[in-house]
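Peer 1: You'll find protein-v2.txt just under this line, and it carries compact mmCIF, C-alpha atoms and all ligand atoms.
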```txt
# COMPACT_ATOMS: atom_id res chain seq x y z
CA MET A 605 -10.08 17.47 14.92
CA LEU A 606 -9.53 14.75 12.36
CA ASP A 607 -11.46 16.29 9.48
CA GLY A 608 -8.38 16.43 7.27
CA ILE A 609 -8.04 12.63 7.32
CA ILE A 610 -9.62 10.83 4.35
CA GLY A 611 -11.96 7.92 5.15
CA GLN A 612 -11.55 5.73 8.29
CA GLU A 613 -14.82 7.06 9.70
CA LEU A 614 -15.04 4.50 12.52
CA ALA A 615 -11.56 5.24 13.81
CA LYS A 616 -12.13 8.99 13.58
CA ARG A 617 -15.45 8.79 15.42
CA TYR A 618 -13.88 6.67 18.14
CA PHE A 619 -11.04 9.13 18.74
CA GLN A 620 -13.28 12.17 18.61
CA ARG A 621 -15.38 10.66 21.41
CA ALA A 622 -12.41 9.35 23.39
CA VAL A 623 -10.67 12.75 23.34
CA ASP A 624 -13.85 14.69 24.16
CA GLY A 625 -14.67 12.34 27.02
CA GLY A 626 -11.08 12.08 28.29
CA ARG A 627 -11.21 8.32 27.82
CA LEU A 628 -8.12 7.60 25.77
CA ALA A 629 -6.40 4.27 26.32
CA HIS A 630 -2.65 4.48 26.93
CA ALA A 631 -1.59 2.32 23.98
CA TYR A 632 -3.04 1.77 20.52
CA LEU A 633 -2.14 -0.38 17.57
CA PHE A 634 -3.29 1.03 14.22
CA HIS A 635 -3.23 -1.88 11.80
CA GLY A 636 -4.20 -2.11 8.15
CA PRO A 637 -2.72 -1.81 4.65
CA ALA A 638 -0.04 0.75 3.82
CA GLY A 639 -1.12 4.20 2.67
CA VAL A 640 -4.61 4.30 4.19
CA GLY A 641 -4.05 6.99 6.85
CA LYS A 642 -2.60 5.28 9.94
CA LYS A 643 0.29 7.73 10.31
CA SER A 644 -1.80 10.76 9.38
CA LEU A 645 -4.38 9.94 12.01
CA ALA A 646 -1.74 9.22 14.65
CA ARG A 647 -0.03 12.56 13.97
CA ALA A 648 -3.30 14.50 13.92
CA LEU A 649 -4.31 12.94 17.22
CA ALA A 650 -0.95 13.73 18.80
CA GLN A 651 -1.09 17.33 17.58
CA THR A 652 -4.60 17.74 18.95
CA LEU A 653 -3.39 16.55 22.34
CA VAL A 654 -0.51 19.03 22.50
CA CYS A 655 -2.26 22.09 21.00
CA ASN A 656 -2.64 25.03 23.40
CA ALA A 657 -5.99 26.00 21.93
CA GLY A 658 -7.41 23.06 23.86
CA GLY A 659 -10.40 22.68 21.54
CA LYS A 660 -11.67 19.77 19.51
CA ALA A 661 -9.25 20.54 16.68
CA PHE A 662 -5.60 21.57 16.69
CA CYS A 663 -5.12 25.20 15.68
CA GLY A 664 -1.87 24.83 13.74
CA VAL A 665 -0.58 28.28 14.78
CA CYS A 666 0.00 28.26 18.54
CA PRO A 667 3.60 27.85 19.80
CA THR A 668 3.15 24.16 20.70
CA CYS A 669 1.52 23.38 17.35
CA ARG A 670 4.45 25.11 15.65
CA MET A 671 6.92 23.11 17.73
CA PHE A 672 5.01 19.95 16.83
CA ILE A 673 5.03 20.72 13.10
CA ALA A 674 8.76 21.51 13.24
CA GLY A 675 9.33 18.13 14.91
CA SER A 676 10.78 19.75 18.02
CA HIS A 677 7.98 19.30 20.55
CA PRO A 678 9.68 17.84 23.63
CA ASP A 679 6.88 15.37 24.41
CA PHE A 680 6.74 13.95 20.88
CA ARG A 681 8.89 11.01 19.91
CA VAL A 682 8.93 8.72 16.89
CA LEU A 683 10.59 5.35 16.37
CA ASP A 684 10.49 4.45 12.70
CA GLY A 685 10.61 0.80 11.70
CA ALA A 686 9.57 1.42 8.09
CA ARG A 687 13.02 1.58 6.50
CA LYS A 688 15.22 -0.28 8.95
CA SER A 689 14.67 -2.22 12.12
CA ILE A 690 14.31 -0.50 15.49
CA GLY A 691 17.12 -1.65 17.78
CA ILE A 692 17.55 -1.81 21.51
CA ALA A 693 19.54 1.46 21.58
CA GLU A 694 16.58 3.43 20.25
CA VAL A 695 14.24 1.87 22.81
CA ARG A 696 16.70 2.68 25.62
CA GLU A 697 16.82 6.29 24.45
CA LEU A 698 13.03 6.43 24.56
CA GLN A 699 13.06 4.95 28.06
CA GLN A 700 15.54 7.63 29.20
CA ALA A 701 13.26 10.37 27.89
CA LEU A 702 10.21 8.91 29.61
CA VAL A 703 11.87 9.17 33.01
CA TYR A 704 11.21 12.92 32.97
CA ARG A 705 7.87 14.62 33.49
CA PRO A 706 6.29 15.65 30.21
CA TYR A 707 6.23 19.27 29.12
CA GLY A 708 2.44 19.03 28.61
CA THR A 709 0.07 16.41 30.00
CA ARG A 710 1.76 13.30 28.61
CA HIS A 711 4.56 11.93 26.45
CA LEU A 712 3.48 10.98 22.95
CA CYS A 713 5.37 8.01 21.55
CA LEU A 714 4.67 6.94 17.99
CA VAL A 715 6.12 3.77 16.53
CA TRP A 716 5.78 3.49 12.75
CA GLU A 717 5.68 -0.06 11.37
CA ALA A 718 6.25 -1.55 14.81
CA GLU A 719 7.00 -5.00 13.35
CA GLY A 720 10.41 -3.42 12.70
CA LEU A 721 11.29 -3.76 16.40
CA THR A 722 13.99 -6.38 16.82
CA ALA A 723 13.13 -9.18 19.27
CA GLU A 724 15.40 -7.64 21.89
CA ALA A 725 13.99 -4.15 21.34
CA ALA A 726 10.41 -5.43 21.47
CA ASN A 727 11.14 -7.12 24.76
CA ALA A 728 12.52 -3.93 26.30
CA PHE A 729 9.73 -1.86 24.79
CA LEU A 730 7.15 -4.17 26.34
CA LYS A 731 8.21 -3.13 29.85
CA THR A 732 7.81 0.55 28.96
CA LEU A 733 4.45 -0.16 27.39
CA GLU A 734 3.26 -1.89 30.55
CA GLU A 735 4.58 0.62 33.07
CA PRO A 736 5.66 3.91 31.58
CA PRO A 737 7.51 5.90 34.28
CA ALA A 738 5.61 9.09 33.34
CA PRO A 739 2.20 9.68 31.72
CA ALA A 740 2.45 8.56 28.10
CA LEU A 741 0.37 7.70 25.07
CA PHE A 742 1.75 5.07 22.69
CA ILE A 743 0.54 4.67 19.14
CA LEU A 744 1.99 1.80 17.12
CA THR A 745 1.23 1.37 13.43
CA SER A 746 1.62 -1.81 11.46
CA SER A 747 0.71 -3.09 8.02
CA ARG A 748 1.84 -6.57 9.06
CA PRO A 749 0.56 -6.99 12.64
CA ALA A 750 1.01 -10.78 12.50
CA ARG A 751 4.76 -10.13 12.71
CA LEU A 752 4.44 -8.29 16.03
CA PRO A 753 5.04 -10.20 19.26
CA PRO A 754 1.62 -11.14 20.71
CA THR A 755 2.76 -9.74 24.07
CA VAL A 756 3.07 -6.27 22.52
CA VAL A 757 -0.23 -6.57 20.62
CA SER A 758 -2.08 -7.65 23.76
CA ARG A 759 -1.08 -4.43 25.59
CA CYS A 760 -2.59 -2.25 22.87
CA LEU A 761 -6.12 -1.35 21.90
CA ARG A 762 -6.35 -2.43 18.27
CA ILE A 763 -7.83 0.01 15.76
CA PRO A 764 -8.40 -1.51 12.30
CA PHE A 765 -7.82 0.66 9.22
CA ARG A 766 -9.59 -0.34 6.02
CA PRO A 767 -8.56 0.07 2.39
CA LEU A 768 -10.01 3.37 1.14
CA THR A 769 -12.80 3.44 -1.44
CA THR A 770 -12.12 4.76 -4.93
CA ASP A 771 -14.23 7.85 -4.16
CA GLU A 772 -12.32 8.55 -0.94
CA ILE A 773 -9.00 8.26 -2.75
CA THR A 774 -10.20 10.46 -5.61
CA SER A 775 -11.27 13.20 -3.22
CA GLY A 776 -8.01 12.82 -1.29
CA LEU A 777 -6.01 13.27 -4.51
CA GLU A 778 -8.09 16.29 -5.47
CA THR A 779 -7.36 17.84 -2.06
CA MET A 780 -3.67 17.30 -2.81
CA GLY A 781 -4.11 19.26 -6.04
CA PHE A 782 -4.31 16.49 -8.66
CA LYS A 783 -6.84 17.51 -11.28
CA GLY A 784 -8.56 16.05 -14.34
CA ASP A 785 -8.50 12.36 -15.33
CA VAL A 786 -5.47 11.49 -13.32
CA ALA A 787 -7.16 11.37 -9.89
CA PRO A 788 -9.94 8.85 -10.67
CA LEU A 789 -7.56 6.69 -12.74
CA ALA A 790 -4.87 6.56 -10.05
CA ALA A 791 -7.59 5.90 -7.45
CA ARG A 792 -8.78 2.83 -9.35
CA LEU A 793 -5.27 1.48 -9.68
CA ALA A 794 -4.15 2.04 -6.13
CA GLY A 795 -5.82 -0.90 -4.39
CA GLY A 796 -7.28 1.21 -1.57
CA SER A 797 -4.08 3.07 -0.70
CA LEU A 798 -4.02 6.86 -0.92
CA GLY A 799 -0.22 6.79 -0.62
CA ARG A 800 0.10 4.51 -3.66
CA ALA A 801 -2.47 6.58 -5.58
CA ALA A 802 -0.49 9.76 -4.93
CA GLU A 803 2.66 8.07 -6.27
CA LEU A 804 0.82 6.93 -9.38
CA ALA A 805 -0.80 10.32 -9.93
CA ALA A 806 2.58 12.04 -9.60
CA GLY A 807 3.83 9.91 -12.48
CA GLY A 808 6.21 7.93 -10.26
CA ASP A 809 5.60 5.09 -12.64
CA ASP A 810 5.93 5.08 -16.39
CA PRO A 811 3.50 7.72 -17.74
CA ASP A 812 3.04 5.68 -20.94
CA TRP A 813 2.19 2.47 -19.14
CA GLN A 814 -1.32 2.22 -20.51
CA GLU A 815 -0.09 2.62 -24.07
CA LYS A 816 2.58 -0.03 -23.52
CA ALA A 817 0.15 -2.52 -21.99
CA ALA A 818 -2.33 -1.93 -24.81
CA HIS A 819 0.38 -2.39 -27.42
CA LEU A 820 1.65 -5.63 -25.93
CA ALA A 821 -1.83 -7.10 -25.54
CA HIS A 822 -2.66 -6.17 -29.10
CA ALA A 823 0.43 -7.95 -30.42
CA PHE A 824 -0.44 -11.15 -28.56
CA LEU A 825 -4.11 -11.07 -29.47
CA SER A 826 -3.56 -10.46 -33.16
CA GLY A 827 -0.89 -13.14 -33.62
CA ILE A 828 2.81 -12.74 -33.07
CA GLY A 829 5.84 -14.46 -34.65
CA THR A 830 8.33 -16.31 -32.48
CA ALA A 831 11.18 -13.87 -33.14
CA GLU A 832 9.04 -10.90 -32.19
CA LEU A 833 7.79 -12.79 -29.18
CA PHE A 834 11.27 -13.17 -27.70
CA ALA A 835 12.00 -9.52 -28.47
CA ARG A 836 8.90 -8.58 -26.47
CA ALA A 837 10.03 -10.77 -23.60
CA ARG A 838 13.35 -8.88 -23.50
CA GLU A 839 11.53 -5.54 -23.58
CA LEU A 840 9.76 -6.43 -20.34
CA GLY A 841 13.02 -5.50 -18.63
CA GLU A 842 14.57 -6.51 -15.32
CA ARG A 843 12.80 -7.95 -12.30
CA ALA A 844 11.31 -4.79 -10.76
CA GLU A 845 10.30 -3.51 -14.16
CA VAL A 846 8.75 -6.83 -15.21
CA LEU A 847 6.72 -6.85 -12.01
CA THR A 848 5.37 -3.38 -12.69
CA ARG A 849 4.70 -4.06 -16.34
CA THR A 850 2.97 -7.36 -15.68
CA GLU A 851 0.80 -5.58 -13.10
CA HIS A 852 -0.27 -3.16 -15.83
CA LEU A 853 -0.79 -6.00 -18.27
CA LEU A 854 -2.91 -7.84 -15.72
CA LEU A 855 -5.14 -4.79 -15.29
CA TRP A 856 -5.43 -4.51 -19.06
CA TYR A 857 -6.41 -8.16 -19.60
CA ARG A 858 -8.88 -7.97 -16.72
CA ASP A 859 -10.50 -5.02 -18.44
CA LEU A 860 -10.68 -6.97 -21.71
CA LEU A 861 -12.37 -9.85 -19.93
CA LEU A 862 -14.74 -7.60 -17.96
CA TRP A 863 -15.72 -5.75 -21.10
CA ARG A 864 -16.19 -8.94 -23.08
CA GLU A 865 -18.20 -10.76 -20.43
CA ALA A 866 -20.06 -7.93 -18.70
CA GLY A 867 -19.78 -4.91 -21.00
CA ALA A 868 -19.74 -2.77 -17.89
CA GLU A 869 -17.80 0.44 -18.29
CA GLU A 870 -17.95 1.29 -14.59
CA LEU A 871 -15.98 -1.87 -13.74
CA LEU A 872 -13.02 -0.99 -15.94
CA THR A 873 -9.70 0.29 -14.63
CA ASN A 874 -8.53 1.72 -17.95
CA VAL A 875 -11.85 3.43 -18.52
CA ASN A 876 -10.13 6.26 -20.42
CA ARG A 877 -9.09 3.69 -23.07
CA LEU A 878 -12.52 2.31 -23.78
CA GLU A 879 -12.13 2.36 -27.55
CA GLN A 880 -8.94 0.23 -27.50
CA ILE A 881 -10.54 -2.15 -24.98
CA ARG A 882 -13.56 -2.60 -27.26
CA VAL A 883 -11.44 -3.40 -30.29
CA GLN A 884 -9.14 -5.83 -28.47
CA ALA A 885 -11.93 -7.60 -26.60
CA ARG A 886 -13.28 -8.69 -29.99
CA LEU A 887 -9.96 -10.37 -30.85
CA ALA A 888 -10.12 -13.04 -28.14
CA ASP A 889 -12.69 -15.32 -26.57
CA GLY A 890 -13.46 -15.42 -22.85
CA PRO A 891 -11.60 -18.66 -22.01
CA ALA A 892 -8.45 -17.41 -23.79
CA LEU A 893 -8.54 -14.21 -21.74
CA VAL A 894 -9.00 -16.20 -18.55
CA ARG A 895 -5.96 -18.33 -19.50
CA SER A 896 -3.93 -15.20 -20.24
CA ILE A 897 -4.79 -13.70 -16.85
CA GLY A 898 -3.79 -16.99 -15.21
CA ALA A 899 -0.48 -16.90 -17.12
CA ILE A 900 0.28 -13.36 -15.96
CA GLU A 901 -0.58 -14.20 -12.35
CA ASP A 902 1.64 -17.31 -12.50
CA ALA A 903 4.52 -15.29 -13.91
CA ARG A 904 4.18 -12.68 -11.15
CA LYS A 905 4.22 -15.39 -8.47
CA LYS A 906 7.38 -16.90 -9.96
CA LEU A 907 9.05 -13.50 -10.19
CA LEU A 908 8.26 -12.79 -6.55
CA ALA A 909 9.70 -16.22 -5.69
CA ASN A 910 12.94 -15.12 -7.42
CA VAL A 911 12.76 -17.34 -10.46
CA ASN A 912 14.98 -16.48 -13.45
CA VAL A 913 13.52 -13.27 -14.88
CA ARG A 914 14.28 -13.93 -18.55
CA LEU A 915 12.75 -17.38 -18.38
CA ALA A 916 9.63 -16.15 -16.60
CA ALA A 917 9.16 -13.39 -19.20
CA GLU A 918 9.61 -15.81 -22.09
CA VAL A 919 7.22 -18.40 -20.71
CA LEU A 920 4.71 -15.65 -20.10
CA CYS A 921 4.99 -14.36 -23.66
CA LEU A 922 4.62 -17.88 -25.07
CA ARG A 923 1.53 -18.46 -23.00
CA LEU A 924 0.01 -15.11 -23.93
CA ALA A 925 0.59 -15.90 -27.58
CA GLY A 926 -1.17 -19.25 -27.09
CA LEU A 927 2.04 -21.13 -27.96
CA ALA A 928 2.46 -22.82 -24.58
CA GLU A 929 -0.06 -24.40 -22.29
CA GLU A 930 -0.02 -24.30 -18.52
CA GLU A 931 2.96 -25.37 -16.50
CA GLN A 932 2.44 -29.13 -16.86
CA ASP A 933 3.36 -29.12 -20.54
CA GLY A 934 6.64 -30.15 -22.20
CA TYR A 935 8.15 -26.69 -22.54
CA ASP A 936 7.88 -26.04 -18.85
CA ARG A 937 9.27 -29.36 -17.78
CA ALA A 938 12.12 -29.07 -20.24
CA THR A 939 13.19 -25.74 -18.74
CA GLY A 940 12.73 -26.77 -15.14
CA TRP A 941 10.09 -24.09 -14.70
CA SER A 942 7.67 -26.31 -12.82
CA SER A 943 10.29 -27.34 -10.29
CA VAL A 944 10.42 -23.77 -8.87
ZN ZN B 1 -2.31 24.75 18.42
```
Could you take the file, read its structure, and then write that structure out as structure tokens?

Peer 2:
Amino acid sequence: MLDGIIGQELAKRYFQRAVDGGRLAHAYLFHGPAGVGKKSLARALAQTLVCNAGGKAFCGVCPTCRMFIAGSHPDFRVLDGARKSIGIAEVRELQQALVYRPYGTRHLCLVWEAEGLTAEAANAFLKTLEEPPAPALFILTSSRPARLPPTVVSRCLRIPFRPLTTDEITSGLETMGFKGDVAPLAARLAGGSLGRAAELAAGGDDPDWQEKAAHLAHAFLSGIGTAELFARARELGERAEVLTRTEHLLLWYRDLLLWREAGAEELLTNVNRLEQIRVQARLADGPALVRSIGAIEDARKKLLANVNVRLAAEVLCLRLAGLAEEEQDGYDRATGWSSV
């Protein structure tokens, strides 16, 4: 039934047994990081429950499957809190629909990123969750379950979703048609999220990012003049861009440190750039690399806290060039950096 879903073996095994044995709970909360299969599993489960074939897997071709795929199955409803909040009007509409008997055995109500329910909507939804007027299965997903009202969480059976392993993501990307080096590289970078890996593999980000990170690191490690340093800081771009580029730089410096200290190829993210990593790792000592990584992490924290972008980029470049110490030093105090 759920063979097409990558990873999440515990959750899949649970649902296979629960469906086979007719022991499904009436409300579930799928919680875990974004992009690890919560929605895919919820949809696959719902389709299995509506399919006319009535087997362990949905057939994909029967009239109800086709209705489901087209998004027009009358029992299937989605509230989506991913992009904007879910208001009371949407919950009322759901409640109206649940008054009627389902077309099949039960209504299927999916709530994506349920923390998007407004307080008022969550309150109304709670009543439906407790006493649906007709047979219904609710599946809520959330990547930030701590933001859900405890009253809603307590009515649901919680199913944890884990970050995917690099191998799982690689095989998922290959199934999607990504071939060659790109799948394993994107898998390493994606932090356990197949969704993020697919974005990376599709070149959603800068395709030359590795080259740019390598170039920047090389400039800092081999000595850089002040004028060039400020030019580099400007090149880092605006806030969103700086965040992405510092993420790449962080991965690059981590690789330099890992290679220098452990010499372990299998630990590297930028494993396809081994030669550059080798050369650059010889240019710095371990403690300097550790300080550089700390500087990049600090800069990212400040950027996320909305500090002045230009200033953050400049301080970062100074620290990477070894021209400024950590935040306690004179430069930082003079610019008000440490007060942020
Ligand atoms: Zn079917």

Peer 1: Place a sphere of radius 7 Å on (1.1, 13.6, 28.1) in the file coordinates and name every protein, DNA or RNA residue with an atom inside or on its surface, counting all atoms listed in the file; give the answer as a ChimeraX atom specification.

Peer 2: /A:706,708-712,739-741

Peer 1: For a test of reading the model, state the distance in Å between atom CA of Ala805 of chain A and atom CA of Asn874 of chain A, rounded to one decimal.

Peer 2: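 Distance between the two atoms: 14.1 Å.
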
Peer 1: Give me the residues within 12 Å of Leu683 of chain A as a PyMOL selection string, counting only C-alpha atoms and dropping any in the same chain fewer than 6 places off.

Peer 2: chain A and resi 689-699+712-721+725-726+729+742-745

Peer 1: If you take all atoms listed in the file and a cut-off of 9 Å, which residues of chain A touch ligand ZN 1 (chain B), and what are their nearest atom pairs and distances in Å to one decimal, in chain and number order, as a Markdown table?

Peer 2:
```
| residue | atom | partner | partner_atom | distance |
| --- | --- | --- | --- | --- |
| A:Gln651 | CA | B:ZN1 | ZN | 7.6 |
| A:Thr652 | CA | B:ZN1 | ZN | 7.4 |
| A:Val654 | CA | B:ZN1 | ZN | 7.3 |
| A:Cys655 | CA | B:ZN1 | ZN | 3.7 |
| A:Asn656 | CA | B:ZN1 | ZN | 5.0 |
| A:Ala657 | CA | B:ZN1 | ZN | 5.2 |
| A:Gly658 | CA | B:ZN1 | ZN | 7.6 |
| A:Gly659 | CA | B:ZN1 | ZN | 8.9 |
| A:Ala661 | CA | B:ZN1 | ZN | 8.3 |
| A:Phe662 | CA | B:ZN1 | ZN | 4.9 |
| A:Cys663 | CA | B:ZN1 | ZN | 4.0 |
| A:Gly664 | CA | B:ZN1 | ZN | 4.7 |
| A:Val665 | CA | B:ZN1 | ZN | 5.4 |
| A:Cys666 | CA | B:ZN1 | ZN | 4.2 |
| A:Pro667 | CA | B:ZN1 | ZN | 6.8 |
| A:Thr668 | CA | B:ZN1 | ZN | 5.9 |
| A:Cys669 | CA | B:ZN1 | ZN | 4.2 |
| A:Arg670 | CA | B:ZN1 | ZN | 7.3 |
| A:Phe672 | CA | B:ZN1 | ZN | 8.9 |
```

Peer 1: Show which residues sit within 12 Å of Gly608 of chain A, as a VMD selection string. Count only C-alpha atoms, and ignore same-chain residues fewer than 3 positions away.

Peer 2: chain A and resid 605 611 to 613 616 641 644 to 645 647 to 649 661 to 662 775 to 776 779 to 780

Peer 1: Name all residues at most 12 Å from Leu628 of chain A (count all atoms listed in the file; drop same-chain ones fewer than 3 positions away) and give them as a list in words.

Peer 2: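 Near neighbours after the sequence-gap exclusion: Tyr618, Phe619, Gln620, Arg621, Ala622, Val623, Asp624, Gly625, Ala631, Tyr632, Leu649, Ala650, Leu653, Arg710, Ala740, Leu741, Phe742, Ile743, Cys760 and Leu761 of chain A.
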
Peer 1: Any idea what the distance is between atom CA of Tyr857 of chain A and atom CA of Glu842 of chain A?

Peer 2: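 Rounded to one decimal, the two atoms are 21.5 Å apart.
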
Peer 1: When you draw a straight line from atom CA of Arg751 of chain A to atom CA of Gly799 of chain A, how long is it in Å?

Peer 2: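 Going from atom CA of Arg751 of chain A over to atom CA of Gly799 of chain A, I get 22.1 Å.
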
Peer 1: If you take every atom of segment 625-630 of chain A that the file lists and fit an axis-aligned box around them with 3 Å extra on each side, what centre and edge lengths come out in Å to one decimal, as JSON?

Peer 2:
```
{"center_x": -8.7, "center_y": 8.3, "center_z": 27.0, "size_x": 18.0, "size_y": 14.1, "size_z": 8.5}
```

Peer 1: Considering only C-alpha atoms, can you say which of A:Arg843, A:Arg877, A:Lys783, A:His852 comes closest to Leu908 of chain A?

Peer 2: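 Going through A:Arg843, A:Arg877, A:Lys783, A:His852 one by one, the smallest distance to Leu908 of chain A is for A:Arg843.
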
Peer 1: Got a sec: who's within 10 Å of Arg914 of chain A, counting only C-alpha atoms, leaving out chain neighbours fewer than 6 positions off, as a list in words?

Peer 2: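 Here the answer would be Phe834, Ala837, Arg838, Leu840, Gly841, Glu842, Arg843, Val846, Leu907 and Leu920 of chain A.
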
Peer 1: Restricting the calculation to only C-alpha atoms, which member of A:Leu860, A:Leu847, A:Ala738, A:Leu793 is positioned closest to Ala903 of chain A?

Peer 2: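 Among the listed residues, A:Leu847 lies closest to Ala903 of chain A.
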
Peer 1: Pick from A:Glu839, A:Pro891, A:His819, A:Ile773: nearest to Trp856 of chain A, with only C-alpha atoms counted?

Peer 2: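 Selected residue with least distance to Trp856 of chain A: A:His819.
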
Peer 1: Can you tell me, as a ChimeraX atom specification, what residues are no more than 9 Å from Ser896 of chain A when counting only C-alpha atoms, ignoring any on the same chain fewer than 6 positions away?

Peer 2: /A:854,857,920,923-926

Peer 1: Go through A:Leu855, A:Leu833, A:Val894, A:Leu871 one by one, measure the shortest atom-to-atom distance of each to Val919 of chain A using all atoms listed in the file, and give the residue with the smallest value.

Peer 2: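 That would be A:Leu833, the residue with the smallest distance to Val919 of chain A.
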
Peer 1: Using only C-alpha atoms, can you tell me which of A:Arg766, A:Leu777, A:Arg895, A:Leu820 comes closest to Ala928 of chain A?

Peer 2: A:Arg895

Peer 1: For Val756 of chain A, which residue among A:Leu702, A:Phe680, A:Lys731, A:Arg792 is the nearest when counting all atoms listed in the file?

Peer 2: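 Checking each of A:Leu702, A:Phe680, A:Lys731, A:Arg792 against Val756 of chain A, counting all atoms listed in the file, the winner is A:Lys731.
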
Peer 1: Counting all atoms listed in the file, write as a PyMOL selection string all protein and nucleic acid residues lying at most 6 Å from (-7.6, 1.0, 14.1) in the file's frame.

Peer 2: chain A and resi 615+634-635+762-765
